[in-house]
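Novice: Sharing upload.cif here; it has mmCIF, C-alpha atoms.
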data_final
loop_
_atom_site.label_atom_id
_atom_site.label_comp_id
_atom_site.auth_asym_id
_atom_site.auth_seq_id
_atom_site.Cartn_x
_atom_site.Cartn_y
_atom_site.Cartn_z
CA MET A 1 -145.34 -64.91 -215.29
CA LYS A 2 -148.96 -65.04 -216.45
CA TRP A 3 -150.04 -63.08 -213.38
CA LEU A 4 -147.56 -60.33 -214.24
CA ASP A 5 -148.69 -60.12 -217.87
CA GLU A 6 -152.29 -59.80 -216.71
CA ALA A 7 -151.46 -57.20 -214.06
CA VAL A 8 -149.54 -55.08 -216.57
CA SER A 9 -152.08 -55.33 -219.39
CA ALA A 10 -154.95 -54.47 -217.02
CA GLY A 11 -153.08 -51.53 -215.45
CA HIS A 12 -153.22 -53.09 -211.99
CA ALA A 13 -149.45 -53.15 -211.63
CA THR A 14 -149.31 -49.34 -211.79
CA THR A 15 -152.38 -48.74 -209.62
CA ALA A 16 -151.46 -47.29 -206.24
CA ALA A 17 -151.72 -49.78 -203.35
CA HIS A 18 -152.80 -52.65 -205.63
CA PRO A 19 -151.26 -55.94 -204.37
CA SER A 20 -149.70 -56.71 -207.76
CA ARG A 21 -147.97 -53.32 -207.83
CA ILE A 22 -146.48 -53.92 -204.40
CA THR A 23 -145.29 -57.38 -205.46
CA VAL A 24 -143.70 -56.07 -208.65
CA ILE A 25 -141.87 -53.21 -206.97
CA ASP A 26 -140.62 -55.46 -204.17
CA ALA A 27 -139.29 -57.92 -206.76
CA LEU A 28 -137.60 -55.15 -208.76
CA ARG A 29 -135.84 -53.80 -205.71
CA ALA A 30 -134.84 -57.20 -204.39
CA ASP A 31 -133.11 -58.55 -207.51
CA ARG A 32 -132.74 -56.93 -210.92
CA THR A 33 -131.89 -60.29 -212.47
CA GLY A 34 -135.00 -62.05 -211.19
CA PRO A 35 -137.95 -63.29 -213.26
CA VAL A 36 -140.09 -60.17 -212.72
CA PRO A 37 -137.48 -57.66 -214.00
CA ARG A 38 -136.63 -59.95 -216.91
CA ARG A 39 -140.27 -60.22 -217.96
CA LEU A 40 -140.77 -56.46 -217.69
CA LEU A 41 -137.78 -55.91 -219.96
CA GLN A 42 -139.46 -58.17 -222.50
CA LEU A 43 -142.81 -56.42 -222.13
CA SER A 44 -141.16 -53.07 -222.87
CA HIS A 45 -140.99 -54.31 -226.50
CA SER A 46 -144.63 -55.48 -226.63
CA ASP A 47 -146.76 -54.77 -229.70
CA ASP A 48 -149.29 -53.09 -227.39
CA ALA A 49 -148.34 -49.45 -226.67
CA PHE A 50 -150.19 -49.51 -223.33
CA VAL A 51 -148.16 -52.52 -222.18
CA ARG A 52 -144.92 -50.82 -223.27
CA ARG A 53 -145.84 -47.73 -221.23
CA GLU A 54 -146.68 -49.76 -218.14
CA ALA A 55 -143.51 -51.86 -218.35
CA LEU A 56 -141.25 -48.84 -218.72
CA ASP A 57 -143.02 -47.12 -215.86
CA LEU A 58 -142.53 -50.11 -213.58
CA LEU A 59 -138.88 -50.55 -214.54
CA SER A 60 -138.20 -47.03 -213.31
CA TYR A 61 -139.10 -48.11 -209.75
CA ALA A 62 -135.97 -50.21 -209.38
CA GLU A 63 -133.43 -48.83 -206.93
CA ALA A 64 -131.41 -46.07 -208.61
CA GLY A 65 -128.16 -46.48 -206.69
CA SER A 66 -126.17 -47.99 -209.56
CA PRO A 67 -126.61 -48.20 -213.36
CA TRP A 68 -128.86 -50.92 -214.74
CA LEU A 69 -127.54 -51.42 -218.26
CA GLU A 70 -130.26 -53.82 -219.41
CA ALA A 71 -133.04 -51.39 -218.47
CA ALA A 72 -131.14 -48.48 -220.00
CA ALA A 73 -130.74 -50.42 -223.26
CA ALA A 74 -134.45 -51.25 -223.32
CA ALA A 75 -135.28 -47.59 -222.75
CA LEU A 76 -132.86 -46.39 -225.44
CA ALA A 77 -134.57 -48.70 -227.93
CA ARG A 78 -137.89 -47.05 -227.21
CA LEU A 79 -136.76 -43.41 -227.62
CA THR A 80 -138.00 -43.57 -231.22
CA ASP A 81 -141.25 -45.36 -230.35
CA PRO A 82 -144.29 -44.22 -232.37
CA ASP A 83 -146.22 -43.63 -229.13
CA GLU A 84 -145.35 -40.31 -227.45
CA GLU A 85 -146.08 -41.49 -223.92
CA VAL A 86 -143.81 -44.48 -224.44
CA ARG A 87 -141.05 -42.10 -225.56
CA ARG A 88 -141.56 -39.93 -222.48
CA ARG A 89 -141.29 -42.87 -220.08
CA ALA A 90 -138.34 -44.29 -221.97
CA ALA A 91 -136.47 -40.98 -221.70
CA HIS A 92 -137.06 -40.93 -217.95
CA LEU A 93 -135.80 -44.50 -217.63
CA VAL A 94 -132.70 -43.77 -219.74
CA VAL A 95 -131.50 -41.25 -217.17
CA ARG A 96 -132.62 -43.24 -214.14
CA ALA A 97 -131.15 -46.57 -215.25
CA GLY A 98 -128.26 -45.38 -217.42
CA GLY A 99 -127.11 -42.38 -215.45
CA ARG A 100 -125.94 -38.92 -216.42
CA ASP A 101 -123.50 -39.87 -219.17
CA VAL A 102 -125.94 -42.10 -221.03
CA GLY A 103 -128.64 -39.44 -220.79
CA LEU A 104 -126.34 -36.68 -222.04
CA ARG A 105 -125.21 -38.82 -224.96
CA ALA A 106 -128.82 -39.48 -225.99
CA LEU A 107 -129.68 -35.79 -225.60
CA GLY A 108 -126.80 -34.84 -227.89
CA GLU A 109 -127.62 -37.44 -230.55
CA LEU A 110 -131.42 -37.11 -230.81
CA THR A 111 -133.52 -34.36 -232.36
CA GLU A 112 -137.06 -35.40 -231.41
CA PRO A 113 -138.29 -32.53 -229.17
CA VAL A 114 -140.41 -34.53 -226.71
CA VAL A 115 -137.60 -36.94 -225.93
CA ARG A 116 -134.99 -34.19 -225.67
CA THR A 117 -137.25 -32.20 -223.33
CA VAL A 118 -137.81 -35.14 -220.98
CA LEU A 119 -134.12 -36.01 -220.99
CA ALA A 120 -133.21 -32.41 -220.17
CA ASP A 121 -135.82 -32.30 -217.42
CA HIS A 122 -134.24 -35.30 -215.70
CA LEU A 123 -130.66 -34.14 -216.27
CA GLN A 124 -130.99 -30.77 -214.57
CA GLY A 125 -127.74 -29.65 -213.02
CA SER A 126 -125.76 -31.12 -215.92
CA LEU A 127 -126.88 -28.88 -218.78
CA ALA A 128 -125.09 -25.54 -218.43
CA HIS A 129 -123.43 -26.09 -221.82
CA LEU A 130 -126.89 -26.17 -223.48
CA ARG A 131 -127.90 -22.63 -222.54
CA ASP A 132 -128.22 -21.77 -226.26
CA ASP A 133 -129.73 -25.08 -227.35
CA PRO A 134 -131.93 -24.80 -230.48
CA LEU A 135 -134.94 -26.29 -228.64
CA PRO A 136 -136.83 -23.68 -226.52
CA SER A 137 -137.91 -26.19 -223.87
CA VAL A 138 -134.31 -27.25 -223.26
CA ARG A 139 -133.13 -23.63 -223.15
CA PHE A 140 -135.93 -22.81 -220.71
CA LEU A 141 -134.93 -25.62 -218.34
CA VAL A 142 -131.24 -24.68 -218.49
CA ARG A 143 -131.89 -20.99 -217.83
CA LEU A 144 -134.36 -21.77 -215.08
CA GLU A 145 -131.71 -23.85 -213.35
CA ALA A 146 -129.26 -20.98 -213.82
CA LEU A 147 -131.73 -18.52 -212.31
CA ARG A 148 -132.07 -20.70 -209.24
CA VAL A 149 -128.43 -20.06 -208.28
CA ALA A 150 -127.68 -16.79 -210.06
CA PRO A 151 -126.72 -13.61 -208.14
CA ALA A 152 -129.29 -10.82 -208.26
CA PRO A 153 -127.50 -8.72 -210.92
CA GLN A 154 -127.99 -11.59 -213.40
CA TRP A 155 -131.72 -11.91 -212.79
CA PRO A 156 -132.94 -9.35 -215.39
CA SER A 157 -131.14 -11.01 -218.31
CA LEU A 158 -132.32 -14.47 -217.28
CA ASP A 159 -135.86 -13.17 -216.73
CA GLY A 160 -135.91 -11.78 -220.25
CA ALA A 161 -134.61 -15.00 -221.77
CA LEU A 162 -137.16 -17.10 -219.89
CA LEU A 163 -140.00 -14.81 -220.91
CA ALA A 164 -138.92 -14.97 -224.55
CA ASP A 165 -138.90 -18.79 -224.53
CA ALA A 166 -141.87 -19.51 -222.27
CA ARG A 167 -144.59 -19.83 -224.92
CA ALA A 168 -142.52 -22.03 -227.24
CA ALA A 169 -141.19 -24.08 -224.33
CA ALA A 170 -144.72 -24.90 -223.19
CA ILE A 171 -145.34 -26.81 -226.43
CA HIS A 172 -143.17 -29.68 -225.19
CA LEU A 173 -142.63 -28.91 -221.49
CA ASP A 174 -145.45 -29.29 -219.01
CA ARG A 175 -146.13 -27.04 -216.00
CA VAL A 176 -143.96 -24.19 -217.30
CA GLY A 177 -145.66 -21.61 -215.07
CA ARG A 178 -145.46 -23.74 -211.96
CA ARG A 179 -141.81 -24.60 -212.54
CA TRP A 180 -140.97 -20.94 -213.08
CA GLY A 181 -143.02 -19.92 -210.08
CA ARG A 182 -141.31 -22.37 -207.78
CA VAL A 183 -137.90 -20.92 -208.57
CA LEU A 184 -139.12 -17.35 -208.14
CA CYS A 185 -140.79 -18.26 -204.84
CA ASP A 186 -137.59 -19.84 -203.58
CA LEU A 187 -135.80 -16.59 -204.45
CA GLY A 188 -138.38 -14.56 -202.52
CA ARG A 189 -139.31 -12.44 -205.55
CA GLU A 190 -142.92 -11.79 -204.60
CA ARG A 191 -143.44 -8.44 -206.32
CA HIS A 192 -141.79 -9.65 -209.50
CA VAL A 193 -144.11 -12.67 -209.59
CA HIS A 194 -147.20 -10.44 -209.42
CA ALA A 195 -145.93 -8.28 -212.27
CA LEU A 196 -144.98 -11.32 -214.33
CA VAL A 197 -148.38 -12.95 -213.79
CA ALA A 198 -150.09 -9.80 -215.03
CA ARG A 199 -147.92 -9.78 -218.16
CA LEU A 200 -148.44 -13.45 -218.92
CA LEU A 201 -152.19 -13.33 -218.33
CA GLY A 202 -152.52 -10.33 -220.62
CA ASP A 203 -151.33 -12.36 -223.62
CA PRO A 204 -153.74 -15.14 -224.69
CA THR A 205 -150.82 -17.25 -225.90
CA THR A 206 -149.19 -17.29 -222.45
CA ARG A 207 -152.33 -17.08 -220.31
CA ASP A 208 -152.18 -20.64 -219.06
CA ILE A 209 -148.52 -20.17 -218.12
CA GLY A 210 -149.53 -17.12 -216.10
CA ALA A 211 -152.27 -19.14 -214.41
CA GLY A 212 -149.77 -21.79 -213.37
CA LEU A 213 -147.41 -19.14 -212.03
CA ALA A 214 -150.27 -17.49 -210.12
CA ARG A 215 -151.23 -20.79 -208.58
CA GLU A 216 -147.70 -21.41 -207.37
CA ALA A 217 -147.60 -17.91 -205.87
CA CYS A 218 -150.87 -18.51 -204.01
CA HIS A 219 -149.49 -21.71 -202.56
CA HIS A 220 -146.35 -19.95 -201.36
CA TRP A 221 -147.39 -16.43 -200.25
CA ARG A 222 -150.41 -15.59 -198.15
CA ALA A 223 -150.99 -12.21 -199.81
CA ALA A 224 -150.80 -13.54 -203.38
CA PRO A 225 -154.47 -14.61 -203.73
CA VAL A 226 -155.71 -11.14 -202.72
CA ALA A 227 -153.48 -9.51 -205.35
CA LEU A 228 -153.95 -12.08 -208.12
CA LEU A 229 -157.60 -13.14 -207.92
CA PRO A 230 -158.86 -9.98 -209.69
CA LEU A 231 -156.29 -10.49 -212.47
CA LEU A 232 -157.35 -14.09 -212.94
CA VAL A 233 -161.02 -13.16 -213.15
CA ARG A 234 -160.33 -10.31 -215.56
CA HIS A 235 -158.42 -12.49 -218.01
CA CYS A 236 -160.24 -15.82 -217.78
CA GLY A 237 -162.60 -15.02 -220.69
CA PRO A 238 -165.98 -16.60 -221.45
CA GLU A 239 -164.40 -20.07 -221.76
CA VAL A 240 -162.37 -20.83 -218.64
CA SER A 241 -159.40 -23.05 -219.49
CA PRO A 242 -158.49 -25.91 -217.12
CA ALA A 243 -155.33 -24.03 -216.06
CA MET A 244 -157.31 -20.88 -215.27
CA ALA A 245 -159.96 -22.87 -213.43
CA LYS A 246 -157.33 -24.49 -211.23
CA ALA A 247 -155.72 -21.13 -210.46
CA LEU A 248 -159.07 -19.55 -209.59
CA THR A 249 -160.00 -22.48 -207.36
CA THR A 250 -156.64 -22.24 -205.59
CA ALA A 251 -157.07 -18.50 -205.03
CA SER A 252 -160.51 -19.17 -203.53
CA VAL A 253 -158.87 -21.10 -200.68
CA SER A 254 -157.71 -17.76 -199.26
CA ARG A 255 -160.22 -16.36 -196.80
CA ALA A 256 -158.78 -12.87 -197.22
CA ALA A 257 -159.13 -13.08 -201.00
CA MET A 258 -162.74 -14.23 -200.76
CA ARG A 259 -163.59 -11.51 -198.26
CA ALA A 260 -162.10 -8.91 -200.60
CA HIS A 261 -163.18 -10.33 -203.95
CA GLY A 262 -165.92 -12.88 -203.28
CA ALA A 263 -168.47 -11.00 -205.40
CA LEU A 264 -165.99 -10.82 -208.28
CA PHE A 265 -165.21 -14.54 -207.99
CA ALA A 266 -168.93 -15.30 -208.21
CA THR A 267 -169.00 -13.90 -211.75
CA VAL A 268 -166.93 -16.81 -213.16
CA ALA A 269 -168.11 -20.36 -213.71
CA VAL A 270 -165.62 -21.94 -211.31
CA THR A 271 -166.40 -23.91 -208.17
CA PRO A 272 -164.61 -22.57 -205.08
CA TYR A 273 -162.39 -24.86 -203.08
CA PRO A 274 -164.54 -27.03 -200.79
CA ARG A 275 -164.30 -26.00 -197.16
CA PRO A 276 -164.79 -28.68 -194.50
CA ARG A 277 -167.24 -27.89 -191.73
CA HIS A 278 -164.51 -28.25 -189.13
CA LEU A 279 -160.79 -28.32 -189.80
CA PHE A 280 -159.64 -28.83 -186.25
CA GLY A 281 -160.72 -27.58 -182.87
CA SER A 282 -163.56 -28.78 -180.72
CA SER A 283 -167.01 -29.51 -182.03
CA SER A 284 -169.70 -26.87 -182.13
CA PRO A 285 -171.55 -26.06 -178.89
CA THR A 286 -174.70 -27.80 -180.10
CA GLN A 287 -172.76 -31.08 -180.34
CA ARG A 288 -171.16 -30.91 -176.90
CA PRO A 289 -172.71 -33.06 -174.19
CA THR A 290 -173.51 -31.51 -170.84
CA TYR A 291 -172.39 -32.96 -167.52
CA ASP A 292 -172.94 -32.18 -163.90
CA SER A 293 -170.29 -32.94 -161.32
CA ALA A 294 -171.84 -36.29 -160.42
CA THR A 295 -171.95 -37.67 -163.97
CA ALA A 296 -168.53 -36.22 -164.78
CA GLY A 297 -167.06 -37.86 -161.69
CA ALA A 298 -168.60 -41.19 -162.68
CA VAL A 299 -167.06 -41.01 -166.14
CA LEU A 300 -163.61 -40.26 -164.73
CA ARG A 301 -163.82 -43.04 -162.16
CA ALA A 302 -164.23 -45.48 -165.05
CA LYS A 303 -161.02 -44.23 -166.65
CA PRO A 304 -157.49 -45.14 -165.52
CA VAL A 305 -155.33 -42.51 -163.87
CA ASP A 306 -152.79 -42.61 -166.69
CA THR A 307 -155.35 -42.23 -169.43
CA GLY A 308 -153.91 -40.67 -172.57
CA ARG A 309 -157.19 -39.81 -174.24
CA LEU A 310 -160.54 -38.59 -173.02
CA HIS A 311 -163.54 -37.56 -175.06
CA HIS A 312 -165.19 -34.31 -173.96
CA ALA A 313 -162.44 -33.45 -171.47
CA PRO A 314 -163.43 -29.72 -171.37
CA GLU A 315 -167.00 -30.60 -170.46
CA LEU A 316 -166.05 -33.25 -167.88
CA PHE A 317 -163.38 -31.31 -166.02
CA GLY A 318 -165.27 -28.06 -166.53
CA ALA A 319 -168.27 -29.46 -164.67
CA LEU A 320 -166.05 -30.66 -161.83
CA LEU A 321 -164.15 -27.37 -161.57
CA ASP A 322 -167.43 -25.46 -161.54
CA ALA A 323 -168.49 -27.49 -158.50
CA GLY A 324 -165.23 -27.19 -156.58
CA PRO A 325 -161.62 -28.44 -156.53
CA LEU A 326 -160.67 -31.70 -158.20
CA THR A 327 -159.98 -34.80 -156.15
CA PHE A 328 -156.40 -36.05 -156.06
CA ARG A 329 -157.25 -38.80 -158.59
CA GLN A 330 -159.03 -36.40 -160.92
CA ALA A 331 -156.13 -33.96 -160.74
CA ALA A 332 -153.72 -36.80 -161.56
CA GLN A 333 -155.81 -37.70 -164.60
CA LEU A 334 -155.82 -34.11 -165.79
CA TYR A 335 -152.07 -33.83 -165.17
CA ASN A 336 -151.38 -36.90 -167.31
CA LEU A 337 -153.60 -35.60 -170.10
CA THR A 338 -151.84 -32.23 -170.01
CA PHE A 339 -148.17 -33.06 -169.55
CA LYS A 340 -147.50 -36.57 -170.84
CA ARG A 341 -147.40 -35.96 -174.61
CA PRO A 342 -147.99 -33.21 -177.20
CA GLY A 343 -151.08 -33.38 -179.34
CA ARG A 344 -154.74 -32.50 -179.47
CA MET A 345 -155.41 -33.60 -175.89
CA GLN A 346 -152.63 -31.44 -174.48
CA GLY A 347 -153.96 -28.35 -176.28
CA VAL A 348 -157.47 -29.05 -174.98
CA CYS A 349 -156.47 -29.86 -171.39
CA ALA A 350 -153.75 -27.26 -170.73
CA PRO A 351 -156.29 -24.45 -170.02
CA LEU A 352 -158.10 -26.81 -167.65
CA TRP A 353 -154.88 -27.44 -165.73
CA LEU A 354 -154.35 -23.70 -165.45
CA ARG A 355 -157.84 -23.38 -164.05
CA HIS A 356 -157.11 -26.15 -161.53
CA ALA A 357 -153.59 -25.07 -160.51
CA GLY A 358 -154.07 -21.31 -160.68
CA PRO A 359 -152.20 -18.45 -162.42
CA THR A 360 -148.81 -19.54 -161.08
CA ALA A 361 -149.00 -22.50 -163.48
CA ALA A 362 -149.32 -20.22 -166.51
CA PRO A 363 -145.60 -20.11 -167.48
CA ARG A 364 -145.33 -23.88 -167.44
CA VAL A 365 -148.54 -24.32 -169.43
CA LEU A 366 -147.55 -21.72 -172.01
CA ALA A 367 -144.14 -23.36 -172.43
CA LEU A 368 -146.03 -26.50 -173.47
CA MET A 369 -148.29 -24.75 -175.93
CA THR A 370 -146.43 -22.07 -177.87
CA PRO A 371 -143.96 -24.42 -179.64
CA HIS A 372 -146.85 -26.25 -181.31
CA LEU A 373 -148.92 -23.38 -182.67
CA ASP A 374 -147.75 -24.01 -186.24
CA ALA A 375 -147.81 -27.80 -185.98
CA TYR A 376 -149.65 -29.62 -188.76
CA GLY A 377 -152.76 -31.35 -187.44
CA ILE A 378 -152.66 -30.03 -183.87
CA GLY A 379 -151.75 -26.34 -184.00
CA GLU A 380 -155.36 -25.19 -184.03
CA TYR A 381 -156.05 -27.02 -180.77
CA TYR A 382 -153.23 -25.12 -179.10
CA ALA A 383 -154.47 -21.79 -180.45
CA GLU A 384 -157.96 -22.61 -179.23
CA GLY A 385 -156.51 -23.46 -175.82
CA LEU A 386 -154.75 -20.09 -175.64
CA ALA A 387 -158.01 -18.39 -176.51
CA ARG A 388 -159.67 -20.13 -173.55
CA MET A 389 -156.87 -19.00 -171.25
CA GLY A 390 -157.64 -15.36 -172.07
CA ARG A 391 -155.45 -12.83 -170.27
CA HIS A 392 -153.31 -15.60 -168.74
CA ALA A 393 -152.04 -16.30 -172.28
CA LEU A 394 -150.78 -12.74 -172.79
CA PRO A 395 -147.10 -13.89 -172.85
CA ALA A 396 -147.98 -16.07 -175.88
CA LEU A 397 -148.85 -13.04 -178.02
CA PRO A 398 -145.38 -12.79 -179.61
CA ALA A 399 -145.62 -16.41 -180.79
CA LEU A 400 -149.13 -15.85 -182.13
CA THR A 401 -148.10 -12.61 -183.82
CA ALA A 402 -145.11 -14.27 -185.47
CA LEU A 403 -147.40 -16.91 -186.93
CA ILE A 404 -149.92 -14.30 -188.08
CA ASP A 405 -147.31 -11.98 -189.62
CA ARG A 406 -145.66 -14.64 -191.81
CA ARG A 407 -145.72 -13.70 -195.49
CA THR A 408 -145.08 -17.28 -196.62
CA ARG A 409 -147.30 -20.20 -195.75
CA ILE A 410 -146.53 -22.57 -192.91
CA PRO A 411 -145.02 -25.83 -194.21
CA VAL A 412 -147.56 -28.58 -193.68
CA ASN A 413 -148.19 -32.00 -195.18
CA ASP A 414 -151.24 -32.93 -197.19
CA SER A 415 -152.04 -34.88 -200.33
CA THR A 416 -152.50 -31.73 -202.45
CA ARG A 417 -150.98 -28.26 -202.56
CA ASP A 418 -154.45 -26.73 -202.25
CA GLY A 419 -155.05 -28.88 -199.17
CA GLU A 420 -151.77 -27.67 -197.66
CA MET A 421 -152.83 -24.10 -198.36
CA MET A 422 -156.14 -24.77 -196.59
CA LEU A 423 -154.29 -26.09 -193.54
CA ASP A 424 -152.22 -22.90 -193.38
CA GLU A 425 -155.41 -20.87 -193.68
CA GLY A 426 -156.88 -22.81 -190.75
CA LEU A 427 -153.82 -22.24 -188.59
CA LEU A 428 -153.85 -18.54 -189.44
CA ALA A 429 -157.56 -18.19 -188.60
CA ALA A 430 -157.06 -19.99 -185.28
CA ALA A 431 -154.13 -17.73 -184.38
CA LEU A 432 -156.14 -14.60 -185.22
CA ALA A 433 -159.06 -15.82 -183.11
CA ALA A 434 -156.74 -16.59 -180.19
CA ARG A 435 -155.09 -13.18 -180.34
CA HIS A 436 -158.49 -11.48 -180.43
CA ALA A 437 -159.70 -13.47 -177.40
CA ILE A 438 -156.57 -12.71 -175.38
CA LEU A 439 -156.66 -9.00 -176.14
CA ALA A 440 -160.39 -8.80 -175.47
CA ASP A 441 -159.86 -10.39 -172.05
CA THR A 442 -157.07 -7.92 -171.19
CA ALA A 443 -158.82 -4.77 -172.43
CA PRO A 444 -159.89 -2.36 -169.67
CA PRO A 445 -163.65 -2.09 -169.16
CA ALA A 446 -165.34 0.64 -171.11
CA GLN A 447 -165.92 3.85 -169.16
CA ALA A 448 -169.55 4.60 -168.45
CA ALA A 449 -170.83 7.82 -169.94
CA PRO A 450 -171.13 10.61 -167.32
#
Would it be possible to restate this file's structure as structure tokens?
Specialist:
Amino acid sequence: MKWLDEAVSAGHATTAAHPSRITVIDALRADRTGPVPRRLLQLSHSDDAFVRREALDLLSYAEAGSPWLEAAAAALARLTDPDEEVRRRAAHLVVRAGGRDVGLRALGELTEPVVRTVLADHLQGSLAHLRDDPLPSVRFLVRLEALRVAPAPQWPSLDGALLADARAAAIHLDRVGRRWGRVLCDLGRERHVHALVARLLGDPTTRDIGAGLAREACHHWRAAPVALLPLLVRHCGPEVSPAMAKALTTASVSRAAMRAHGALFATVAVTPYPRPRHLFGSSSPTQRPTYDSATAGAVLRAKPVDTGRLHHAPELFGALLDAGPLTFRQAAQLYNLTFKRPGRMQGVCAPLWLRHAGPTAAPRVLALMTPHLDAYGIGEYYAEGLARMGRHALPALPALTALIDRRTRIPVNDSTRDGEMMLDEGLLAAALAARHAILADTAPPAQAAP
């Protein structure tokens, strides 16, 4: 097990995608009685605090389907460890390996606040009897869980109790504002969140909690950054805390907020969220190659009829359609690109098929496109395609308008919440541009002055 000792002591075994980490986790999940789990149980009692942390962290990756008494016993022995991070990881492992009953027993017997807070955090749904616990962080977690399922008439009393405990709870509980915000967002309490953020930001002792709550609101509601960015700037002070800096950066993702408050944002020493040159959509006109019908035809002749991908399809087929109708083979290629599978190429080629087949093809083309307008990774291509269709895309306006009028953000998938917010912003901007292009193409010509 020398390789395992070295991987744990060097931190490699807990480094994402490192080969030793993959090997350790595979061994843990294959057999809890094998040599790797046994050695990790021994390392959880190492004299080196770093090694104890790493071993407890790795032990928590075993499958959680049934109790693992040996791991739970090792974790229980470390709940009084002199190292706080060891105690935190041990408390997590107690619940994961020992189950609800073991965790509740430890929570009832111990007094150390860090351990009790972590235990309570991982036992949520089992703590209703601790609503009046002497530790504020435990009370906060219990009441937050109660708020999640409480009927509306109970909200004011729970709100008051959470507000009273928030500052003290934050001493031992991390991400208090974000946790609180997530519950309020799930309940749809947008106006209440704005008022609560203002109250929390106004008190220096709860300012970072307010910043976390504001950040969660910006991630959930499109209008939140416009309303909250001025509050964040007003209360950030000469020294911007990390929590305030993160909230300000998140708010800067919103294009509407930066249009409304960009000058105000520039007064604080915070870097705005980086914007990529192109999120989706085709490249800029200066990067697009030009083709005539002869060169475009030569490119297509070199491609199979059932091609699923084609660089510069708008330029190639555009040049051919400018010169006249497509040949049967070219039309078959365009048909396959348009109708075979959803994705970027379909969004790009659907307007070209409409141009080839004529207005009678519009209903079929629109039926392909409108279901994907809010799709992560490809929605902007479909919106751009509708924009190119102009007045022929008029029946798609309800779908575009529904996307534009959403108060909450479109669920997407990215490595960070700010990145997910940026993706929603990109989809919204593409939908707005498409609606503008369609309406501009259907507007009657301006009357000449007499």
Novice: Pick out the closest residue to Leu135 in chain A from this set: A:Ala168, A:Leu228, A:Leu59, A:Val270. Count all atoms listed in the file.
Specialist: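 Using all atoms listed in the file, Leu135 in chain A sits closest to A:Ala168.
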Novice: Thr80 in chain A: which residues within 12 Å, counting all atoms listed in the file, same-chain residues fewer than 2 positions away excluded, as number ranges by chain?
Specialist: A: 74-78, 82-91, 106, 110-116
Novice: Here's the selection I'm unsure about, the PyMOL selection byres ((chain A and resi 234) around 10); applied to the file above, which residues does it give, as a ChimeraX atom specification?
Specialist: /A:201-202,228-233,235-237,264-265,268
Novice: Within 10 Å of (-147.2, -51.1, -209.8) in the file's own coordinates, which protein, DNA or RNA residues have an atom, counting all atoms listed in the file? List them as number ranges by chain.
Specialist: A: 7-8, 11-26, 54-55, 57-59, 61
Novice: May I have the residues from that selection written out with C-alpha atoms, as a short mmCIF file (atom, residue, chain, number, x, y, z; two decimals), in the coordinates of the input?
Specialist:
data_model
loop_
_atom_site.label_atom_id
_atom_site.label_comp_id
_atom_site.auth_asym_id
_atom_site.auth_seq_id
_atom_site.Cartn_x
_atom_site.Cartn_y
_atom_site.Cartn_z
CA ALA A 7 -151.46 -57.20 -214.06
CA VAL A 8 -149.54 -55.08 -216.57
CA GLY A 11 -153.08 -51.53 -215.45
CA HIS A 12 -153.22 -53.09 -211.99
CA ALA A 13 -149.45 -53.15 -211.63
CA THR A 14 -149.31 -49.34 -211.79
CA THR A 15 -152.38 -48.74 -209.62
CA ALA A 16 -151.46 -47.29 -206.24
CA ALA A 17 -151.72 -49.78 -203.35
CA HIS A 18 -152.80 -52.65 -205.63
CA PRO A 19 -151.26 -55.94 -204.37
CA SER A 20 -149.70 -56.71 -207.76
CA ARG A 21 -147.97 -53.32 -207.83
CA ILE A 22 -146.48 -53.92 -204.40
CA THR A 23 -145.29 -57.38 -205.46
CA VAL A 24 -143.70 -56.07 -208.65
CA ILE A 25 -141.87 -53.21 -206.97
CA ASP A 26 -140.62 -55.46 -204.17
CA GLU A 54 -146.68 -49.76 -218.14
CA ALA A 55 -143.51 -51.86 -218.35
CA ASP A 57 -143.02 -47.12 -215.86
CA LEU A 58 -142.53 -50.11 -213.58
CA LEU A 59 -138.88 -50.55 -214.54
CA TYR A 61 -139.10 -48.11 -209.75
#
Novice: As AutoDock Vina command-line options, what would the box around range 77-81 of chain A look like: edges along x, y and z, 3 Å added on every side, centre and edge lengths in Å to one decimal?
Specialist:
--center_x -137.9 --center_y -46.1 --center_z -229.2 --size_x 12.7 --size_y 11.3 --size_z 10.0
Novice: Skipping near chain neighbours, those fewer than 6 positions away, what residues fall within 8 Å of Met421 in chain A using all atoms listed in the file, listed as an NGL selection string?
Specialist: :A and (219 or 253 or 409)
Novice: Calculated over only C-alpha atoms, which of the candidates A:Ala71, A:Pro272, A:Arg301, A:Glu63 has the smallest distance to Leu40 in chain A?
Specialist: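 The answer is A:Ala71, which sits nearest to Leu40 in chain A.
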Novice: How far is it from CA of Pro351 in chain A to CA of Asp306 in chain A, in Å with one decimal?
Specialist: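 Rounded to one decimal, the two atoms are 18.8 Å apart.
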Novice: With distances taken over only C-alpha atoms, which of A:Pro411, A:Gly308, A:Pro314, A:Pro37 is nearest to Ala296 in chain A?
Specialist: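 Checking each of A:Pro411, A:Gly308, A:Pro314, A:Pro37 against Ala296 in chain A, counting only C-alpha atoms, the winner is A:Pro314.
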